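**Student:** This one is structure-v5.txt, compact mmCIF, C-alpha atoms.
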```txt
# COMPACT_ATOMS: atom_id res chain seq x y z
CA GLY A 83 -163.33 109.46 66.88
CA THR A 84 -167.03 108.82 67.46
CA ASP A 85 -168.51 105.62 68.88
CA PRO A 86 -171.50 104.55 71.01
CA GLU A 87 -168.99 103.30 73.60
CA ALA A 88 -165.64 105.14 73.77
CA GLY A 89 -165.06 107.71 71.07
CA VAL A 90 -161.30 107.16 71.39
CA LEU A 91 -159.93 104.17 73.34
CA VAL A 92 -156.22 104.04 74.21
CA GLU A 93 -155.00 100.66 75.48
CA GLY A 94 -151.25 100.50 76.01
CA ALA A 95 -150.35 102.63 72.98
CA THR A 96 -147.45 105.10 72.75
CA VAL A 97 -147.98 108.32 70.82
CA GLU A 98 -144.92 110.56 70.65
CA THR A 99 -143.57 113.57 68.76
CA THR A 100 -140.00 114.84 68.96
CA GLY A 101 -140.15 118.36 67.53
CA THR A 102 -138.09 120.77 69.63
CA THR A 103 -139.18 124.10 68.14
CA ALA A 104 -142.13 125.98 69.63
CA GLY A 105 -145.37 125.06 67.89
CA THR A 106 -144.14 121.78 66.41
CA GLY A 107 -145.16 118.27 67.39
CA LEU A 108 -148.76 118.94 68.42
CA ILE A 109 -150.86 115.91 69.44
CA GLU A 110 -154.62 116.47 69.30
CA VAL A 111 -157.27 113.91 70.23
CA PHE A 112 -161.01 114.42 69.78
CA GLY A 113 -163.47 111.83 71.05
CA THR A 114 -167.25 111.65 71.28
CA GLY A 115 -168.84 108.60 72.81
CA GLY A 116 -171.44 107.11 75.10
CA SER A 117 -169.41 105.52 77.88
CA ALA A 118 -166.50 107.95 77.39
CA GLY A 119 -165.39 110.56 74.94
CA ILE A 120 -161.73 109.58 75.47
CA GLU A 121 -160.77 106.56 77.55
CA MET A 122 -157.15 105.71 78.40
CA GLU A 123 -156.21 102.41 80.02
CA ASP A 124 -152.41 102.36 80.03
CA GLY A 125 -150.31 104.16 77.46
CA THR A 126 -148.04 107.12 76.85
CA PHE A 127 -148.52 110.45 75.10
CA ARG A 128 -145.27 112.40 75.00
CA THR A 129 -144.00 115.54 73.26
CA VAL A 130 -141.14 118.01 73.62
CA ALA A 131 -142.35 121.38 72.30
CA GLY A 132 -145.78 120.39 71.07
CA ASN A 133 -148.98 120.61 73.05
CA ILE A 134 -151.00 117.57 74.06
CA GLU A 135 -154.65 118.54 73.63
CA TRP A 136 -157.58 116.24 74.38
CA THR A 137 -161.26 117.03 73.95
CA GLY A 138 -163.64 114.34 75.14
CA ASP A 139 -167.44 114.51 75.09
CA SER A 140 -169.78 111.88 76.50
CA THR A 141 -173.54 111.66 76.23
CA ASP A 142 -173.94 108.87 78.79
CA ASN A 143 -170.97 108.77 81.17
CA VAL A 144 -167.50 110.41 81.39
CA GLY A 145 -165.99 112.98 79.04
CA ILE A 146 -162.36 111.95 79.70
CA LEU A 147 -161.48 108.81 81.63
CA MET A 148 -157.84 108.08 82.53
CA ARG A 149 -156.84 104.98 84.49
CA GLU A 150 -154.34 102.16 84.70
CA ASP A 151 -154.94 98.46 84.12
CA THR A 152 -151.77 96.37 84.05
CA GLY A 153 -149.35 99.17 83.14
CA SER A 154 -149.13 102.95 83.48
CA SER A 155 -150.87 105.96 81.95
CA LEU A 156 -148.67 108.97 81.19
CA LEU A 157 -149.16 112.36 79.54
CA GLN A 158 -145.84 114.21 79.33
CA THR A 159 -144.16 117.19 77.70
CA THR A 160 -140.43 117.65 78.22
CA GLY A 161 -139.70 121.01 76.55
CA THR A 162 -138.29 123.99 78.43
CA GLY A 163 -138.54 127.76 78.16
CA ALA A 164 -140.16 129.06 74.99
CA ASN A 165 -140.10 125.53 73.56
CA ALA A 166 -142.27 124.01 76.29
CA GLY A 167 -145.39 122.10 75.33
CA ASP A 168 -148.61 122.46 77.31
CA ILE A 169 -151.11 119.77 78.29
CA ILE A 170 -154.73 120.83 77.80
CA LEU A 171 -157.60 118.46 78.61
CA THR A 172 -161.26 119.36 78.20
CA GLY A 173 -163.90 116.84 79.22
CA THR A 174 -167.66 117.27 79.02
CA SER A 175 -170.46 114.97 80.14
CA THR A 176 -174.05 115.76 79.24
CA ALA A 177 -175.32 112.59 80.91
CA THR A 178 -178.16 112.88 83.39
CA GLY A 179 -179.47 110.56 86.08
CA MET A 180 -178.21 108.84 89.21
CA VAL A 181 -174.46 109.05 89.78
CA VAL A 182 -172.49 106.03 91.01
CA GLY A 183 -168.73 106.28 91.62
CA ILE A 184 -166.97 107.99 88.72
CA SER A 185 -169.99 108.03 86.44
CA ARG A 186 -171.15 111.11 84.58
CA ASN A 187 -168.12 113.23 85.45
CA GLY A 188 -166.71 115.70 82.98
CA MET A 189 -163.25 114.32 83.71
CA SER A 190 -162.28 111.29 85.83
CA LEU A 191 -158.50 111.04 86.17
CA ILE A 192 -158.54 107.90 88.27
CA GLN A 193 -154.91 106.84 87.92
CA GLY A 194 -151.89 108.00 85.97
CA THR A 195 -149.43 110.89 85.69
CA ILE A 196 -149.70 114.23 83.92
CA THR A 197 -146.34 116.02 83.89
CA THR A 198 -144.49 118.91 82.26
CA VAL A 199 -141.34 120.94 82.88
CA ASP A 200 -142.09 124.54 81.83
CA GLY A 201 -145.32 123.79 80.01
CA ASP A 202 -148.68 124.59 81.59
CA VAL A 203 -151.31 122.03 82.54
CA GLU A 204 -154.92 123.05 81.99
CA LEU A 205 -157.83 120.78 82.95
CA VAL A 206 -161.43 121.75 82.25
CA GLY A 207 -164.31 119.49 83.22
CA ASN A 208 -168.00 120.20 82.65
CA ALA A 209 -170.81 117.95 83.82
CA VAL A 210 -174.53 117.95 84.38
CA ASP A 211 -175.24 115.37 87.09
CA GLY A 212 -171.65 114.32 87.82
CA GLY A 213 -168.64 116.23 89.09
CA GLY A 214 -166.61 118.51 86.85
CA VAL A 215 -163.09 117.18 87.59
CA SER A 216 -162.19 114.28 89.87
CA GLY A 217 -159.87 111.28 90.15
CA GLY A 218 -156.58 110.19 91.68
CA ALA A 219 -153.94 111.04 89.05
CA ASP A 220 -150.70 112.85 89.88
CA ILE A 221 -150.22 116.24 88.23
CA SER A 222 -146.60 117.34 88.41
CA VAL A 223 -144.78 120.37 86.96
CA THR A 224 -141.04 120.44 87.65
CA GLY A 225 -140.13 123.84 86.16
CA ALA A 226 -141.98 127.12 85.63
CA GLY A 227 -145.24 125.70 84.27
CA MET A 228 -148.57 126.55 85.86
CA VAL A 229 -151.54 124.32 86.66
CA THR A 230 -155.14 125.43 86.16
CA VAL A 231 -158.11 123.21 87.03
CA THR A 232 -161.66 124.34 86.31
CA GLY A 233 -164.79 122.32 86.95
CA THR A 234 -168.49 123.05 86.58
CA ALA A 235 -171.47 120.90 87.54
CA THR A 236 -175.01 122.02 86.77
CA GLY A 237 -177.11 119.05 87.88
CA MET A 238 -178.83 118.07 91.11
CA ASN A 239 -176.91 114.93 92.12
CA SER A 240 -173.97 114.78 94.52
CA ALA A 241 -170.89 113.09 93.07
CA ILE A 242 -167.60 113.27 94.97
CA GLY A 243 -164.85 111.15 93.44
CA ALA A 244 -162.64 108.96 95.58
CA ASN A 245 -158.86 109.51 95.65
CA PRO A 246 -158.87 112.95 94.03
CA PRO A 247 -155.82 114.20 92.09
CA SER A 248 -152.73 115.74 93.66
CA ILE A 249 -150.99 118.78 92.18
CA THR A 250 -147.31 119.67 92.57
CA THR A 251 -145.44 122.56 90.97
CA ASN A 252 -142.04 124.17 91.36
CA SER A 253 -142.40 127.91 90.67
CA GLY A 254 -145.63 127.82 88.71
CA ASP A 255 -148.92 129.06 90.13
CA VAL A 256 -151.82 126.70 90.84
CA THR A 257 -155.40 127.86 90.27
CA VAL A 258 -158.39 125.67 91.10
CA THR A 259 -161.89 126.94 90.29
CA GLY A 260 -165.13 125.06 90.87
CA SER A 261 -168.76 125.97 90.37
CA SER A 262 -171.71 123.74 91.16
CA VAL A 263 -175.44 123.68 91.73
CA ALA A 264 -175.76 120.65 94.01
CA THR A 265 -172.74 118.48 93.24
CA THR A 266 -169.00 119.34 93.34
CA GLY A 267 -167.15 121.31 90.69
CA VAL A 268 -163.60 120.11 91.46
CA VAL A 269 -162.12 117.56 93.89
CA VAL A 270 -158.35 117.62 94.55
CA GLN A 271 -156.32 115.89 97.24
CA ILE A 272 -152.97 117.66 97.60
CA ILE A 273 -151.74 121.02 96.30
CA ASN A 274 -148.03 121.67 96.79
CA THR A 275 -145.78 124.34 95.27
CA MET A 276 -142.29 125.53 96.07
CA THR A 277 -142.61 129.24 95.20
CA GLY A 278 -145.79 129.55 93.16
CA ALA A 279 -149.07 131.06 94.34
CA ILE A 280 -152.12 128.91 95.09
CA THR A 281 -155.60 130.24 94.33
CA ILE A 282 -158.75 128.26 95.17
CA ASP A 283 -162.13 129.68 94.16
CA GLY A 284 -165.30 127.69 94.75
CA THR A 285 -168.96 128.64 94.36
CA SER A 286 -171.96 126.45 95.04
CA ALA A 287 -175.70 126.74 95.42
CA GLY A 288 -175.82 123.31 97.06
CA THR A 289 -172.73 121.51 98.38
CA GLN A 290 -169.16 122.51 97.47
CA GLY A 291 -167.62 124.30 94.51
CA VAL A 292 -164.16 122.87 95.35
CA ILE A 293 -163.14 120.09 97.74
CA VAL A 294 -159.46 119.80 98.74
CA GLY A 295 -158.50 116.62 100.58
CA GLY A 296 -161.93 115.02 100.39
CA GLY A 297 -163.22 112.02 98.57
```
Let me see whether you can do it: turn the structure in this file into structure tokens.
**Tutor:**
Amino acid sequence: GTDPEAGVLVEGATVETTGTTAGTGLIEVFGTGGSAGIEMEDGTFRTVAGNIEWTGDSTDNVGILMREDTGSSLLQTTGTGANAGDIILTGTSTATGMVVGISRNGMSLIQGTITTVDGDVELVGNAVDGGGVSGGADISVTGAGMVTVTGTATGMNSAIGANPPSITTNSGDVTVTGSSVATTGVVVQIINTMTGAITIDGTSAGTQGVIVGGG
């Protein structure tokens, strides 16, 4: 979808596929907008074996915005083993100018839950004057799935999101990578895994590539 406001706006909708064979039941969402490429205010996206893939691009504010209004926001895959669906979110903001709160971030996951069993979770946020990835959502993997978060910020403003996301896995590895010029590439609050490895890699010419526990 393309719109001067939100390219794709989800308000309380449920989108679900039930295919149980690897490669079936894919849900793809593409949004290009001014205020947000993809904006979710309550709703559910759920698959078994299929991937959930979002690509949101914003020219004026946030690439992907996820939050809750009166209900809940959920992205979920329930498949296991070879039939596990991944969740892949890519948000890009090319907006420039002063940053206030969550504005101009590549991805602002303010509220909600992103969860899989054996599927991987991959979040990629790219911004100019905002942060790459920020927000307070819960990212939870209960099986063997891995979590990868990558954020880049190339502008000169400082934008550190409040209530950054928490990440929990069982045996899957967690990798957080942030790169920034003067703002912050990635902000996360909690990283917890039972037996997986945790890798944090931040580079910055100004402030911080990655912030853990800040906001």
**Student:** Within 9 Å of (-159.2, 112.6, 91.3) (file coordinates; all atoms listed in the file), which protein or nucleic acid residues are there? I'd like them as a list of chain:residue names.
**Tutor:**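 Those within range, by chain then number, are A:Met189, A:Ser190, A:Leu191, A:Ile192, A:Gln193, A:Val215, A:Ser216, A:Gly217, A:Gly218, A:Ala219, A:Asp220, A:Gly243, A:Ala244, A:Asn245, A:Pro246, A:Pro247, A:Ser248, A:Val268, A:Val269, A:Val270, A:Gln271, A:Gly297.
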**Student:** Find, counting all atoms listed in the file, the residue in A:Thr114, A:Thr96, A:Thr178, A:Thr259 that gets nearest to Asp283 (chain A).
**Tutor:**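 For Asp283 (chain A), the nearest of the given residues is A:Thr259.
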**Student:** Identify, on the basis of only C-alpha atoms, every residue whose closest approach to region 134-140 of chain A does not exceed 7 Å; exclude the query and any residue fewer than 2 positions from it along the same chain; express the result as a list in words.
**Tutor:**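 Listing them by chain and then by number gives Leu108, Ile109, Glu110, Val111, Phe112, Gly113, Thr114, Gly115, Gly116, Ser117, Ala118, Gly119, Ile120, Gly132, Asp142, Asn143, Val144, Gly145, Ile146, Asp168, Ile169, Ile170, Leu171, Thr172, Gly173, Thr174, Ser175 and Thr176 of chain A.
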**Student:** Please, could you write that set of residues out with C-alpha atoms as a PDB file, keeping the file's coordinate frame?
**Tutor:**
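Dumped everything to part_29.pdb:
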```pdb
ATOM      1  CA  LEU A 108    -148.760 118.940  68.420  1.00  0.00           C
ATOM      2  CA  ILE A 109    -150.860 115.910  69.440  1.00  0.00           C
ATOM      3  CA  GLU A 110    -154.620 116.470  69.300  1.00  0.00           C
ATOM      4  CA  VAL A 111    -157.270 113.910  70.230  1.00  0.00           C
ATOM      5  CA  PHE A 112    -161.010 114.420  69.780  1.00  0.00           C
ATOM      6  CA  GLY A 113    -163.470 111.830  71.050  1.00  0.00           C
ATOM      7  CA  THR A 114    -167.250 111.650  71.280  1.00  0.00           C
ATOM      8  CA  GLY A 115    -168.840 108.600  72.810  1.00  0.00           C
ATOM      9  CA  GLY A 116    -171.440 107.110  75.100  1.00  0.00           C
ATOM     10  CA  SER A 117    -169.410 105.520  77.880  1.00  0.00           C
ATOM     11  CA  ALA A 118    -166.500 107.950  77.390  1.00  0.00           C
ATOM     12  CA  GLY A 119    -165.390 110.560  74.940  1.00  0.00           C
ATOM     13  CA  ILE A 120    -161.730 109.580  75.470  1.00  0.00           C
ATOM     14  CA  GLY A 132    -145.780 120.390  71.070  1.00  0.00           C
ATOM     15  CA  ASP A 142    -173.940 108.870  78.790  1.00  0.00           C
ATOM     16  CA  ASN A 143    -170.970 108.770  81.170  1.00  0.00           C
ATOM     17  CA  VAL A 144    -167.500 110.410  81.390  1.00  0.00           C
ATOM     18  CA  GLY A 145    -165.990 112.980  79.040  1.00  0.00           C
ATOM     19  CA  ILE A 146    -162.360 111.950  79.700  1.00  0.00           C
ATOM     20  CA  ASP A 168    -148.610 122.460  77.310  1.00  0.00           C
ATOM     21  CA  ILE A 169    -151.110 119.770  78.290  1.00  0.00           C
ATOM     22  CA  ILE A 170    -154.730 120.830  77.800  1.00  0.00           C
ATOM     23  CA  LEU A 171    -157.600 118.460  78.610  1.00  0.00           C
ATOM     24  CA  THR A 172    -161.260 119.360  78.200  1.00  0.00           C
ATOM     25  CA  GLY A 173    -163.900 116.840  79.220  1.00  0.00           C
ATOM     26  CA  THR A 174    -167.660 117.270  79.020  1.00  0.00           C
ATOM     27  CA  SER A 175    -170.460 114.970  80.140  1.00  0.00           C
ATOM     28  CA  THR A 176    -174.050 115.760  79.240  1.00  0.00           C
TER      29      THR A 176
END
```
**Student:** CA of Thr159 (chain A) to CA of Val130 (chain A): how many Å, to one decimal?
**Tutor:**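 CA of Val130 (chain A) lies at a distance of 5.1 Å from CA of Thr159 (chain A).
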**Student:** Between CA of Ala104 (chain A) and CA of Val92 (chain A), what distance in Å does the model show, to one decimal?
**Tutor:**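 One can read the CA of Ala104 (chain A) to CA of Val92 (chain A) distance as 26.5 Å.
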**Student:** Using all atoms listed in the file, which residue out of A:Met148, A:Ala131, A:Val229, A:Val258 lies closest to Glu93 (chain A)?
**Tutor:**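 Closest candidate: A:Met148.
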**Student:** Please report the interatomic distance between CA of Val294 (chain A) and CA of Ile273 (chain A) in Å with one decimal.
**Tutor:** 8.2 Å
**Student:** From the set A:Ser185, A:Gly254, A:Gly94, A:Thr195, which residue has the shortest atom-to-atom contact distance to Asp151 (chain A), counting all atoms listed in the file?
**Tutor:**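 Smallest distance to Asp151 (chain A) is found for A:Gly94.
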**Student:** Let me make sure I understand: among A:Gly194, A:Gly167, A:Gly83, A:Gly101, which one has the smallest atom-to-atom distance to Asp124 (chain A) if we use only C-alpha atoms?
**Tutor:** A:Gly194
